[in-house]
>>> print(open('my_file-v3.tsv').read())   # TSV, C-alpha atoms
chain	number	residue	atom	x	y	z
A	1	MET	CA	35.86	-28.39	115.92
A	2	ASP	CA	36.65	-30.00	112.53
A	3	GLY	CA	34.45	-28.46	109.91
A	4	SER	CA	33.18	-25.75	112.25
A	5	LEU	CA	32.31	-22.52	110.53
A	6	LEU	CA	32.13	-20.56	113.79
A	7	LEU	CA	34.45	-17.58	113.59
A	8	ASP	CA	35.97	-18.09	117.04
A	9	ASP	CA	36.81	-21.71	116.17
A	10	GLN	CA	39.05	-20.64	113.27
A	11	LEU	CA	42.81	-20.84	113.87
A	12	CYS	CA	43.35	-18.34	111.07
A	13	PHE	CA	41.13	-15.80	112.84
A	14	ALA	CA	42.93	-16.24	116.17
A	15	LEU	CA	46.25	-15.62	114.38
A	16	TYR	CA	44.80	-12.62	112.56
A	17	ALA	CA	43.42	-11.10	115.77
A	18	ALA	CA	46.69	-11.71	117.63
A	19	GLN	CA	48.73	-10.16	114.81
A	20	ARG	CA	46.53	-7.05	114.77
A	21	ALA	CA	46.72	-6.71	118.56
A	22	VAL	CA	50.51	-7.12	118.62
A	23	THR	CA	50.92	-4.60	115.81
A	24	ALA	CA	48.71	-2.17	117.75
A	25	VAL	CA	51.09	-2.43	120.73
A	26	TYR	CA	54.05	-1.66	118.47
A	27	ARG	CA	52.37	1.15	116.49
A	28	PRO	CA	52.95	4.06	118.92
A	29	LEU	CA	56.53	2.95	119.54
A	30	LEU	CA	57.23	2.73	115.83
A	31	ASP	CA	55.44	6.03	115.18
A	32	ASP	CA	57.99	7.63	117.52
A	33	LEU	CA	60.72	6.16	115.28
A	34	GLY	CA	58.96	7.25	112.08
A	35	LEU	CA	58.55	3.64	110.94
A	36	THR	CA	55.78	1.33	109.86
A	37	TYR	CA	55.81	-2.25	111.12
A	38	PRO	CA	57.05	-3.69	107.78
A	39	GLN	CA	59.82	-1.06	107.67
A	40	TYR	CA	60.81	-2.02	111.22
A	41	LEU	CA	61.09	-5.65	110.12
A	42	VAL	CA	63.40	-4.66	107.25
A	43	LEU	CA	65.61	-2.73	109.66
A	44	LEU	CA	65.71	-5.68	112.07
A	45	VAL	CA	67.19	-7.83	109.31
A	46	LEU	CA	69.75	-5.19	108.38
A	47	TRP	CA	70.73	-4.56	112.02
A	48	GLU	CA	71.24	-8.30	112.43
A	49	ARG	CA	73.00	-9.11	109.13
A	50	GLY	CA	74.47	-5.87	107.84
A	51	GLU	CA	74.64	-5.31	104.10
A	52	THR	CA	72.57	-7.85	102.23
A	53	THR	CA	70.98	-8.36	98.84
A	54	VAL	CA	67.34	-7.54	98.18
A	55	LYS	CA	66.81	-11.22	97.38
A	56	GLU	CA	68.25	-12.33	100.76
A	57	LEU	CA	66.25	-9.64	102.55
A	58	ALA	CA	63.02	-10.77	100.89
A	59	ALA	CA	63.76	-14.39	101.81
A	60	ALA	CA	64.46	-13.48	105.45
A	61	LEU	CA	61.15	-11.62	105.66
A	62	ARG	CA	59.28	-14.31	103.69
A	63	LEU	CA	58.11	-11.67	101.22
A	64	ASP	CA	58.37	-11.36	97.47
A	65	TYR	CA	60.63	-8.87	95.72
A	66	GLY	CA	57.66	-6.77	94.63
A	67	THR	CA	56.64	-6.22	98.25
A	68	VAL	CA	60.14	-5.49	99.55
A	69	SER	CA	61.11	-3.04	96.81
A	70	PRO	CA	58.59	-0.28	97.76
A	71	LEU	CA	59.56	-0.68	101.43
A	72	LEU	CA	63.19	-0.12	100.53
A	73	LYS	CA	62.34	2.91	98.39
A	74	ARG	CA	60.57	4.54	101.34
A	75	LEU	CA	63.41	3.67	103.74
A	76	GLN	CA	65.91	5.11	101.26
A	77	ALA	CA	63.83	8.30	100.88
A	78	ALA	CA	63.88	8.61	104.69
A	79	GLY	CA	67.67	8.35	104.62
A	80	LEU	CA	67.82	5.07	106.55
A	81	VAL	CA	69.15	2.71	103.88
A	82	ARG	CA	71.07	2.87	100.63
A	83	ARG	CA	70.67	0.59	97.63
A	84	GLU	CA	73.26	-0.03	94.95
A	85	ARG	CA	74.05	-2.59	92.29
A	86	SER	CA	76.58	-5.20	93.31
A	87	ALA	CA	79.97	-4.75	91.67
A	88	ARG	CA	80.29	-8.56	91.49
A	89	ASP	CA	76.83	-9.20	89.97
A	90	GLU	CA	74.99	-6.35	88.25
A	91	ARG	CA	71.69	-8.24	88.56
A	92	SER	CA	71.95	-8.11	92.34
A	93	VAL	CA	71.04	-5.05	94.42
A	94	LEU	CA	72.75	-4.57	97.78
A	95	VAL	CA	70.99	-2.89	100.70
A	96	ALA	CA	72.86	-1.35	103.62
A	97	LEU	CA	72.06	0.92	106.53
A	98	THR	CA	73.11	4.54	106.44
A	99	ALA	CA	74.58	6.20	109.54
A	100	ARG	CA	71.06	7.42	110.31
A	101	GLY	CA	69.73	3.87	110.03
A	102	GLU	CA	72.42	2.64	112.41
A	103	GLU	CA	71.60	5.41	114.90
A	104	LEU	CA	67.93	4.41	114.87
A	105	ARG	CA	68.96	1.02	116.23
A	106	GLU	CA	69.68	2.53	119.65
A	107	ARG	CA	66.31	4.25	119.74
A	108	ALA	CA	64.59	0.99	118.72
A	109	ALA	CA	66.25	-1.07	121.45
A	110	GLY	CA	63.23	-0.79	123.74
A	111	VAL	CA	60.67	-1.91	121.18
A	112	PRO	CA	61.00	-5.71	121.63
A	113	GLY	CA	60.43	-5.55	125.39
A	114	ALA	CA	57.29	-3.47	124.95
A	115	LEU	CA	55.19	-6.52	124.06
A	116	LEU	CA	56.24	-8.34	127.21
A	117	THR	CA	55.42	-5.30	129.30
A	118	ALA	CA	52.10	-4.67	127.54
A	119	THR	CA	50.90	-8.27	127.71
A	120	GLY	CA	52.43	-9.41	130.98
A	121	LEU	CA	53.86	-12.49	129.25
A	122	ASP	CA	57.15	-13.64	130.68
A	123	GLY	CA	60.26	-14.80	128.83
A	124	PRO	CA	59.52	-18.55	128.87
A	125	GLU	CA	55.93	-17.96	127.68
A	126	ILE	CA	57.18	-15.84	124.79
A	127	VAL	CA	59.78	-18.47	123.84
A	128	GLN	CA	57.19	-21.26	123.88
A	129	LEU	CA	54.65	-19.25	121.90
A	130	ARG	CA	57.25	-18.20	119.32
A	131	GLU	CA	58.42	-21.83	118.87
A	132	GLU	CA	54.83	-23.02	118.40
A	133	LEU	CA	54.14	-20.29	115.85
A	134	TRP	CA	57.31	-21.13	113.88
A	135	ARG	CA	56.28	-24.80	113.91
A	136	LEU	CA	52.85	-23.83	112.56
A	137	ALA	CA	54.43	-21.59	109.91
A	138	GLU	CA	56.70	-24.41	108.73
A	139	LYS	CA	53.83	-26.89	108.49
A	140	ALA	CA	51.64	-24.39	106.67
A	141	GLU	CA	54.45	-23.59	104.21
A	142	VAL	CA	54.87	-27.31	103.44
A	143	ALA	CA	51.11	-27.65	102.96
A	144	ALA	CA	51.04	-24.58	100.68
A	145	ASP	CA	53.92	-25.98	98.60
A	146	ARG	CA	52.01	-29.21	98.09
A	147	THR	CA	49.03	-27.33	96.65
A	148	ARG	CA	51.08	-25.36	94.10
>>> encode(input="my_file-v3.tsv", output="structure tokens")
Amino acid sequence: MDGSLLLDDQLCFALYAAQRAVTAVYRPLLDDLGLTYPQYLVLLVLWERGETTVKELAAALRLDYGTVSPLLKRLQAAGLVRRERSARDERSVLVALTARGEELRERAAGVPGALLTATGLDGPEIVQLREELWRLAEKAEVAADRTR
């Protein structure tokens, strides 16, 4: 397997294919909520943490500021979040859910279980897979840091 250039032998391709398939399961559910997958991820962080800074939000999503900012603009235009400068630090922008964003949480409650239903994976399988993927992500981040 080492050095193989066969497409199906590539870990990166298996991850890519899995990510696309998982996103395809979520797409109709998120369409019903009027959200894209990245917007859904932003809302997950805000539902979990409440008001947060753009910097903290970007870190939680493992995205850069330039990627998060347009997402927030679209969510704000949809009336789901509000952004404002921090009174304590003018350089910092706070993001919070609006009442409409909070209400969407109830409608989104069924989204996480949809993958289990669609794939037939059970709870322990999901937990094991998620732990293995986080372990891979951590190792890849360390490797990427070494090459910078």
>>> atom_distance(input="my_file-v3.tsv", atom1="CA of Ala144 (chain A)", atom2="CA of Phe13 (chain A)")
18.0 Å
>>> residues_around(input="my_file-v3.tsv", residues="Lys55 (chain A)", least_positions_apart="2", cutoff="9 Å", atoms="only C-alpha atoms", output="number ranges by chain")
A: 52-53, 57-60, 64-65, 92-94
>>> closest_residue(input="my_file-v3.tsv", among="A:Val45, A:Leu33, A:Leu11, A:Leu133", to="Glu103 (chain A)", atoms="only C-alpha atoms")
A:Leu33
>>> closest_residue(input="my_file-v3.tsv", among="A:Val111, A:Thr36, A:Leu72, A:Glu106", to="Glu84 (chain A)", atoms="all atoms listed in the file")
A:Leu72
>>> atom_distance(input="my_file-v3.tsv", atom1="CA of Arg135 (chain A)", atom2="CA of Gly110 (chain A)")
26.9 Å
>>> residues_around(input="my_file-v3.tsv", residues="Leu46 (chain A)", least_positions_apart="4", cutoff="8 Å", atoms="all atoms listed in the file", output="list in words")
Val42, Gly50, Glu51, Thr52, Ala96 and Leu97 of chain A
>>> atom_distance(input="my_file-v3.tsv", atom1="CA of Leu30 (chain A)", atom2="CA of Arg107 (chain A)")
10.0 Å
>>> closest_residue(input="my_file-v3.tsv", among="A:Pro38, A:Glu132, A:Arg20, A:Val142", to="Leu63 (chain A)", atoms="only C-alpha atoms")
A:Pro38
>>> closest_residue(input="my_file-v3.tsv", among="A:Gln10, A:Asp89, A:Leu136, A:Thr98", to="Ala77 (chain A)", atoms="all atoms listed in the file")
A:Thr98
>>> build_atoms(input="my_file-v3.tsv", residues="region 115-138 of chain A", atoms="N, CA, C and O atoms", output="PDB file, in the frame of the given file")
ATOM      1  N   LEU A 115      56.254  -5.515 124.118  1.00  0.00           N
ATOM      2  CA  LEU A 115      55.190  -6.520 124.060  1.00  0.00           C
ATOM      3  C   LEU A 115      55.098  -7.289 125.369  1.00  0.00           C
ATOM      4  O   LEU A 115      54.004  -7.532 125.876  1.00  0.00           O
ATOM      5  N   LEU A 116      56.246  -7.641 125.926  1.00  0.00           N
ATOM      6  CA  LEU A 116      56.240  -8.340 127.210  1.00  0.00           C
ATOM      7  C   LEU A 116      55.598  -7.472 128.282  1.00  0.00           C
ATOM      8  O   LEU A 116      54.761  -7.940 129.067  1.00  0.00           O
ATOM      9  N   THR A 117      55.980  -6.223 128.316  1.00  0.00           N
ATOM     10  CA  THR A 117      55.420  -5.300 129.300  1.00  0.00           C
ATOM     11  C   THR A 117      53.920  -5.136 129.093  1.00  0.00           C
ATOM     12  O   THR A 117      53.140  -5.193 130.048  1.00  0.00           O
ATOM     13  N   ALA A 118      53.515  -4.926 127.854  1.00  0.00           N
ATOM     14  CA  ALA A 118      52.100  -4.670 127.540  1.00  0.00           C
ATOM     15  C   ALA A 118      51.221  -5.876 127.822  1.00  0.00           C
ATOM     16  O   ALA A 118      50.085  -5.728 128.257  1.00  0.00           O
ATOM     17  N   THR A 119      51.721  -7.072 127.569  1.00  0.00           N
ATOM     18  CA  THR A 119      50.900  -8.270 127.710  1.00  0.00           C
ATOM     19  C   THR A 119      51.067  -8.974 129.055  1.00  0.00           C
ATOM     20  O   THR A 119      50.231  -9.794 129.429  1.00  0.00           O
ATOM     21  N   GLY A 120      52.164  -8.703 129.723  1.00  0.00           N
ATOM     22  CA  GLY A 120      52.430  -9.410 130.980  1.00  0.00           C
ATOM     23  C   GLY A 120      52.980 -10.803 130.764  1.00  0.00           C
ATOM     24  O   GLY A 120      53.170 -11.552 131.722  1.00  0.00           O
ATOM     25  N   LEU A 121      53.254 -11.181 129.511  1.00  0.00           N
ATOM     26  CA  LEU A 121      53.860 -12.490 129.250  1.00  0.00           C
ATOM     27  C   LEU A 121      55.301 -12.463 129.717  1.00  0.00           C
ATOM     28  O   LEU A 121      55.980 -11.450 129.587  1.00  0.00           O
ATOM     29  N   ASP A 122      55.755 -13.600 130.249  1.00  0.00           N
ATOM     30  CA  ASP A 122      57.150 -13.640 130.680  1.00  0.00           C
ATOM     31  C   ASP A 122      58.014 -14.301 129.601  1.00  0.00           C
ATOM     32  O   ASP A 122      57.508 -14.799 128.601  1.00  0.00           O
ATOM     33  N   GLY A 123      59.310 -14.272 129.814  1.00  0.00           N
ATOM     34  CA  GLY A 123      60.260 -14.800 128.830  1.00  0.00           C
ATOM     35  C   GLY A 123      59.965 -16.209 128.368  1.00  0.00           C
ATOM     36  O   GLY A 123      59.880 -16.453 127.155  1.00  0.00           O
ATOM     37  N   PRO A 124      59.798 -17.168 129.299  1.00  0.00           N
ATOM     38  CA  PRO A 124      59.520 -18.550 128.870  1.00  0.00           C
ATOM     39  C   PRO A 124      58.210 -18.681 128.077  1.00  0.00           C
ATOM     40  O   PRO A 124      58.138 -19.466 127.140  1.00  0.00           O
ATOM     41  N   GLU A 125      57.191 -17.905 128.432  1.00  0.00           N
ATOM     42  CA  GLU A 125      55.930 -17.960 127.680  1.00  0.00           C
ATOM     43  C   GLU A 125      56.133 -17.463 126.255  1.00  0.00           C
ATOM     44  O   GLU A 125      55.608 -18.056 125.307  1.00  0.00           O
ATOM     45  N   ILE A 126      56.900 -16.388 126.115  1.00  0.00           N
ATOM     46  CA  ILE A 126      57.180 -15.840 124.790  1.00  0.00           C
ATOM     47  C   ILE A 126      57.968 -16.852 123.956  1.00  0.00           C
ATOM     48  O   ILE A 126      57.669 -17.074 122.780  1.00  0.00           O
ATOM     49  N   VAL A 127      58.970 -17.481 124.562  1.00  0.00           N
ATOM     50  CA  VAL A 127      59.780 -18.470 123.840  1.00  0.00           C
ATOM     51  C   VAL A 127      58.904 -19.625 123.373  1.00  0.00           C
ATOM     52  O   VAL A 127      58.977 -20.031 122.209  1.00  0.00           O
ATOM     53  N   GLN A 128      58.057 -20.141 124.243  1.00  0.00           N
ATOM     54  CA  GLN A 128      57.190 -21.260 123.880  1.00  0.00           C
ATOM     55  C   GLN A 128      56.215 -20.866 122.770  1.00  0.00           C
ATOM     56  O   GLN A 128      56.044 -21.605 121.794  1.00  0.00           O
ATOM     57  N   LEU A 129      55.600 -19.705 122.911  1.00  0.00           N
ATOM     58  CA  LEU A 129      54.650 -19.250 121.900  1.00  0.00           C
ATOM     59  C   LEU A 129      55.339 -19.054 120.556  1.00  0.00           C
ATOM     60  O   LEU A 129      54.831 -19.486 119.517  1.00  0.00           O
ATOM     61  N   ARG A 130      56.508 -18.426 120.566  1.00  0.00           N
ATOM     62  CA  ARG A 130      57.250 -18.200 119.320  1.00  0.00           C
ATOM     63  C   ARG A 130      57.606 -19.531 118.653  1.00  0.00           C
ATOM     64  O   ARG A 130      57.440 -19.689 117.439  1.00  0.00           O
ATOM     65  N   GLU A 131      58.070 -20.510 119.440  1.00  0.00           N
ATOM     66  CA  GLU A 131      58.420 -21.830 118.870  1.00  0.00           C
ATOM     67  C   GLU A 131      57.203 -22.502 118.260  1.00  0.00           C
ATOM     68  O   GLU A 131      57.290 -23.098 117.186  1.00  0.00           O
ATOM     69  N   GLU A 132      56.052 -22.414 118.930  1.00  0.00           N
ATOM     70  CA  GLU A 132      54.830 -23.020 118.400  1.00  0.00           C
ATOM     71  C   GLU A 132      54.390 -22.329 117.108  1.00  0.00           C
ATOM     72  O   GLU A 132      53.960 -22.984 116.156  1.00  0.00           O
ATOM     73  N   LEU A 133      54.514 -21.014 117.063  1.00  0.00           N
ATOM     74  CA  LEU A 133      54.140 -20.290 115.850  1.00  0.00           C
ATOM     75  C   LEU A 133      55.067 -20.612 114.694  1.00  0.00           C
ATOM     76  O   LEU A 133      54.610 -20.763 113.550  1.00  0.00           O
ATOM     77  N   TRP A 134      56.369 -20.734 114.948  1.00  0.00           N
ATOM     78  CA  TRP A 134      57.310 -21.130 113.880  1.00  0.00           C
ATOM     79  C   TRP A 134      56.995 -22.543 113.390  1.00  0.00           C
ATOM     80  O   TRP A 134      57.060 -22.815 112.190  1.00  0.00           O
ATOM     81  N   ARG A 135      56.642 -23.430 114.301  1.00  0.00           N
ATOM     82  CA  ARG A 135      56.280 -24.800 113.910  1.00  0.00           C
ATOM     83  C   ARG A 135      55.041 -24.770 113.011  1.00  0.00           C
ATOM     84  O   ARG A 135      54.987 -25.438 111.982  1.00  0.00           O
ATOM     85  N   LEU A 136      54.048 -23.979 113.381  1.00  0.00           N
ATOM     86  CA  LEU A 136      52.850 -23.830 112.560  1.00  0.00           C
ATOM     87  C   LEU A 136      53.196 -23.242 111.199  1.00  0.00           C
ATOM     88  O   LEU A 136      52.714 -23.723 110.165  1.00  0.00           O
ATOM     89  N   ALA A 137      54.043 -22.214 111.173  1.00  0.00           N
ATOM     90  CA  ALA A 137      54.430 -21.590 109.910  1.00  0.00           C
ATOM     91  C   ALA A 137      55.108 -22.599 108.990  1.00  0.00           C
ATOM     92  O   ALA A 137      54.816 -22.654 107.788  1.00  0.00           O
ATOM     93  N   GLU A 138      56.002 -23.400 109.537  1.00  0.00           N
ATOM     94  CA  GLU A 138      56.700 -24.410 108.730  1.00  0.00           C
ATOM     95  C   GLU A 138      55.733 -25.423 108.151  1.00  0.00           C
ATOM     96  O   GLU A 138      55.804 -25.759 106.961  1.00  0.00           O
TER      97      GLU A 138
END
